[in-house]
Structures are given as structure tokens and as C-alpha cells.
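Presented below is the structure to which this report refers.
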Amino acid sequence: MSNSIKKISRNKSHELIMQCLYDITIKGKFEKYIFKKIYKTEKIDDFSQKIVLFILENKENIIKKLEKKLINWKWSRISTLSQVILIMSYAHYNIEKIDKAIIINIAVKLSKNFLDNDEYKFVNAVLDKILV
């Protein structure tokens, strides 16, 4: 296996970032092997690295900001994967400074692919409130 940076699509990047963050969230800590396990290499693309590192450095603050926008919900009641998608989307928006609609579209697509039934609607509503 090569240690060179793999060329992957942005959509695939989003999925791999989500997998990394899910693993980190479930285990409660970052482990160096995670990139090798998920990306099949120790070196990852700059975009993925920026997002993951930003989240690792700012996760608690991001969660606090997201919690403020939850109405009749507690963070702990939200599925782990929904939490990961919300955190990742918030980080992506703040790092890349791209249009809110694009970030929400990415999050909804991930939600439809990986979450149960209508959870994408919840993700959409929360992001619509927080991404300003």
C-alpha cells in the first residue's frame, strides 16, 4: 500500500470524513491509525485533513453552538451519526466559507444515504438555523 495522497472525489471525501468522525466520536478519542484504517493510507487530502483537525480542535464549541439551535431536543438524544453530520457540516461551512445551501445539500445527501427515514429533515432544519 502506498503512503501517497489518494486522489478522491469531494463526495467520497465527505463520506470518509464522516467515517473518521464517527469512529472518533464512538471511541471518545482520536487515534492516529484512523486515517490509515479509513483512507487506506496514512496521508489524506488537504480538504479532509483541514476539516478533521478543525473539528478535533473545536468540537466542544461547535457542539455548544449547535445545542443552542436545538428546540425541544437534547444533544444526547440525537443519533451519533446525525451529530457527526451536523458537526462536519458546521466545520465545512466555517472553513470553506461556501454557500449555506451547498453545505445543507451535502448534509442532506449524507443523511439520506446513511440515516433512517426522515432524519435528513432534522439535519436540514438545524443547519438552516445555525449556518448564517
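Please note that chains go A, B, ... in the order of the C-alpha cells, that every chain numbers its residues from 1, and that ligands are numbered from 1 in the order shown.
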Please provide as a PyMOL selection string all residues within 12 Å of Met18 of chain A, with the sequence filter that same-chain residues fewer than 5 positions apart are discarded (counting only C-alpha atoms). chain A and resi 11-13+23-25+34-35+38-39+48+51-52+55+80-89+91-92+106-107+110-111+113-114
Quick one: everything within 8 Å of segment 130-132 of chain A, counting only C-alpha atoms, minus sequence neighbours fewer than 5 positions away in the same chain. Send it as a PDB file with N, CA and C atoms, in the first residue's frame.
ATOM      1  N   LYS A  65     -22.617  25.480  20.131  1.00  0.00           N
ATOM      2  CA  LYS A  65     -23.342  26.328  19.180  1.00  0.00           C
ATOM      3  C   LYS A  65     -24.526  25.578  18.577  1.00  0.00           C
ATOM      4  N   LEU A  66     -24.323  24.313  18.261  1.00  0.00           N
ATOM      5  CA  LEU A  66     -25.419  23.516  17.707  1.00  0.00           C
ATOM      6  C   LEU A  66     -26.524  23.310  18.739  1.00  0.00           C
ATOM      7  N   LYS A  69     -29.297  25.828  19.040  1.00  0.00           N
ATOM      8  CA  LYS A  69     -30.298  25.874  17.973  1.00  0.00           C
ATOM      9  C   LYS A  69     -31.278  24.712  18.017  1.00  0.00           C
ATOM     10  N   TYR A  90     -21.041  22.011   9.973  1.00  0.00           N
ATOM     11  CA  TYR A  90     -20.706  23.294  10.600  1.00  0.00           C
ATOM     12  C   TYR A  90     -19.235  23.641  10.336  1.00  0.00           C
ATOM     13  N   TYR A  93     -18.625  24.511   6.599  1.00  0.00           N
ATOM     14  CA  TYR A  93     -19.131  25.855   6.309  1.00  0.00           C
ATOM     15  C   TYR A  93     -18.166  26.933   6.814  1.00  0.00           C
ATOM     16  N   LYS A 100     -24.343  28.425   2.064  1.00  0.00           N
ATOM     17  CA  LYS A 100     -25.094  27.637   3.045  1.00  0.00           C
ATOM     18  C   LYS A 100     -25.896  26.515   2.371  1.00  0.00           C
TER      19      LYS A 100
END
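You will find atom CA of Ile71 of chain A at 17.2 Å from atom CA of Asp118 of chain A.
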Residues near Tyr120 of chain A, cut-off 8 Å, only C-alpha atoms, skip fewer than 2 positions along chain, as a short mmCIF file (atom, residue, chain, number, x, y, z; two decimals) with C-alpha atoms, in the first residue's frame:
data_model
loop_
_atom_site.label_atom_id
_atom_site.label_comp_id
_atom_site.auth_asym_id
_atom_site.auth_seq_id
_atom_site.Cartn_x
_atom_site.Cartn_y
_atom_site.Cartn_z
CA ALA A 107 -25.55 17.10 4.68
CA VAL A 108 -28.98 16.09 3.39
CA LYS A 109 -27.40 13.78 0.83
CA SER A 111 -28.29 11.90 5.81
CA LYS A 112 -30.45 10.26 3.16
CA LEU A 115 -29.54 7.80 8.40
CA ASN A 117 -36.05 7.64 7.07
CA ASP A 118 -36.72 11.34 7.61
CA PHE A 122 -33.99 17.32 11.17
CA VAL A 123 -30.40 17.81 9.94
CA ASN A 124 -31.64 20.27 7.32
#
Mind pulling up the distance from atom CA of Ile17 of chain A to atom CA of Phe47 of chain A? 9.5 Å
Mind checking DSSP for chain A and telling me the helix (DSSP H, G or I) residues as a PyMOL selection string? chain A and resi 10-27+33-39+46-68+75-77+80-96+100-114+119-130
Can I get the selection written as a CSV table (one decimal), in the first residue's frame, with C-alpha atoms?
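Output (again.csv):
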chain,number,residue,atom,x,y,z
A,10,ARG,CA,-15.2,15.6,-2.9
A,11,ASN,CA,-18.3,13.4,-2.3
A,12,LYS,CA,-16.1,10.5,-1.3
A,13,SER,CA,-14.1,12.9,0.9
A,14,HIS,CA,-17.3,13.8,2.7
A,15,GLU,CA,-18.1,10.2,3.4
A,16,LEU,CA,-14.6,9.4,4.6
A,17,ILE,CA,-14.6,12.4,6.9
A,18,MET,CA,-17.9,11.3,8.3
A,19,GLN,CA,-16.5,7.8,8.9
A,20,CYS,CA,-13.4,9.3,10.7
A,21,LEU,CA,-15.5,11.5,12.9
A,22,TYR,CA,-17.9,8.7,13.7
A,23,ASP,CA,-15.0,6.5,14.8
A,24,ILE,CA,-13.5,9.3,16.9
A,25,THR,CA,-16.9,10.0,18.5
A,26,ILE,CA,-17.7,6.4,19.3
A,27,LYS,CA,-14.2,5.8,20.8
A,33,TYR,CA,-4.4,4.8,12.8
A,34,ILE,CA,-7.8,6.1,11.9
A,35,PHE,CA,-6.6,7.7,8.7
A,36,LYS,CA,-4.9,4.5,7.6
A,37,LYS,CA,-7.9,2.4,8.5
A,38,ILE,CA,-10.5,4.6,6.7
A,39,TYR,CA,-8.5,6.2,3.9
A,46,ASP,CA,-5.7,18.6,2.4
A,47,PHE,CA,-9.5,19.2,2.5
A,48,SER,CA,-10.2,16.2,4.7
A,49,GLN,CA,-7.3,17.0,7.0
A,50,LYS,CA,-8.4,20.6,7.4
A,51,ILE,CA,-12.0,19.5,8.3
A,52,VAL,CA,-10.9,16.7,10.8
A,53,LEU,CA,-8.3,18.9,12.5
A,54,PHE,CA,-10.7,21.8,12.8
A,55,ILE,CA,-13.2,19.6,14.4
A,56,LEU,CA,-10.7,18.0,16.8
A,57,GLU,CA,-9.7,21.5,17.9
A,58,ASN,CA,-13.2,23.0,18.2
A,59,LYS,CA,-15.6,20.1,18.8
A,60,GLU,CA,-16.9,21.3,22.2
A,61,ASN,CA,-17.5,24.8,20.9
A,62,ILE,CA,-19.2,23.5,17.8
A,63,ILE,CA,-21.5,21.3,19.9
A,64,LYS,CA,-22.4,24.2,22.2
A,65,LYS,CA,-23.3,26.3,19.2
A,66,LEU,CA,-25.4,23.5,17.7
A,67,GLU,CA,-27.1,22.8,21.0
A,68,LYS,CA,-28.4,26.4,21.2
A,75,TRP,CA,-27.8,16.8,22.0
A,76,SER,CA,-27.5,13.4,23.8
A,77,ARG,CA,-30.8,12.3,22.2
A,80,THR,CA,-24.4,9.8,16.8
A,81,LEU,CA,-24.3,9.8,13.0
A,82,SER,CA,-26.6,12.8,12.9
A,83,GLN,CA,-24.3,14.6,15.4
A,84,VAL,CA,-21.3,13.8,13.2
A,85,ILE,CA,-23.1,15.1,10.1
A,86,LEU,CA,-24.1,18.3,11.9
A,87,ILE,CA,-20.6,18.9,13.3
A,88,MET,CA,-18.9,18.1,10.0
A,89,SER,CA,-21.3,20.5,8.1
A,90,TYR,CA,-20.7,23.3,10.6
A,91,ALA,CA,-16.9,22.9,10.3
A,92,HIS,CA,-17.1,22.7,6.5
A,93,TYR,CA,-19.1,25.9,6.3
A,94,ASN,CA,-16.8,27.8,8.6
A,95,ILE,CA,-13.6,26.6,6.9
A,96,GLU,CA,-14.6,26.8,3.3
A,100,LYS,CA,-25.1,27.6,3.0
A,101,ALA,CA,-27.3,25.8,0.5
A,102,ILE,CA,-24.4,23.8,-0.7
A,103,ILE,CA,-23.4,22.7,2.8
A,104,ILE,CA,-27.0,21.8,3.6
A,105,ASN,CA,-27.4,19.8,0.3
A,106,ILE,CA,-24.2,17.8,1.2
A,107,ALA,CA,-25.5,17.1,4.7
A,108,VAL,CA,-29.0,16.1,3.4
A,109,LYS,CA,-27.4,13.8,0.8
A,110,LEU,CA,-25.3,12.1,3.5
A,111,SER,CA,-28.3,11.9,5.8
A,112,LYS,CA,-30.5,10.3,3.2
A,113,ASN,CA,-27.7,7.7,2.4
A,114,PHE,CA,-26.7,6.9,6.0
A,119,GLU,CA,-33.7,12.2,9.8
A,120,TYR,CA,-32.4,14.3,6.9
A,121,LYS,CA,-35.3,16.8,7.6
A,122,PHE,CA,-34.0,17.3,11.2
A,123,VAL,CA,-30.4,17.8,9.9
A,124,ASN,CA,-31.6,20.3,7.3
A,125,ALA,CA,-33.6,22.3,9.9
A,126,VAL,CA,-30.8,22.5,12.4
A,127,LEU,CA,-28.3,23.6,9.7
A,128,ASP,CA,-30.7,26.1,8.3
A,129,LYS,CA,-30.8,27.8,11.7
A,130,ILE,CA,-27.1,27.7,12.5
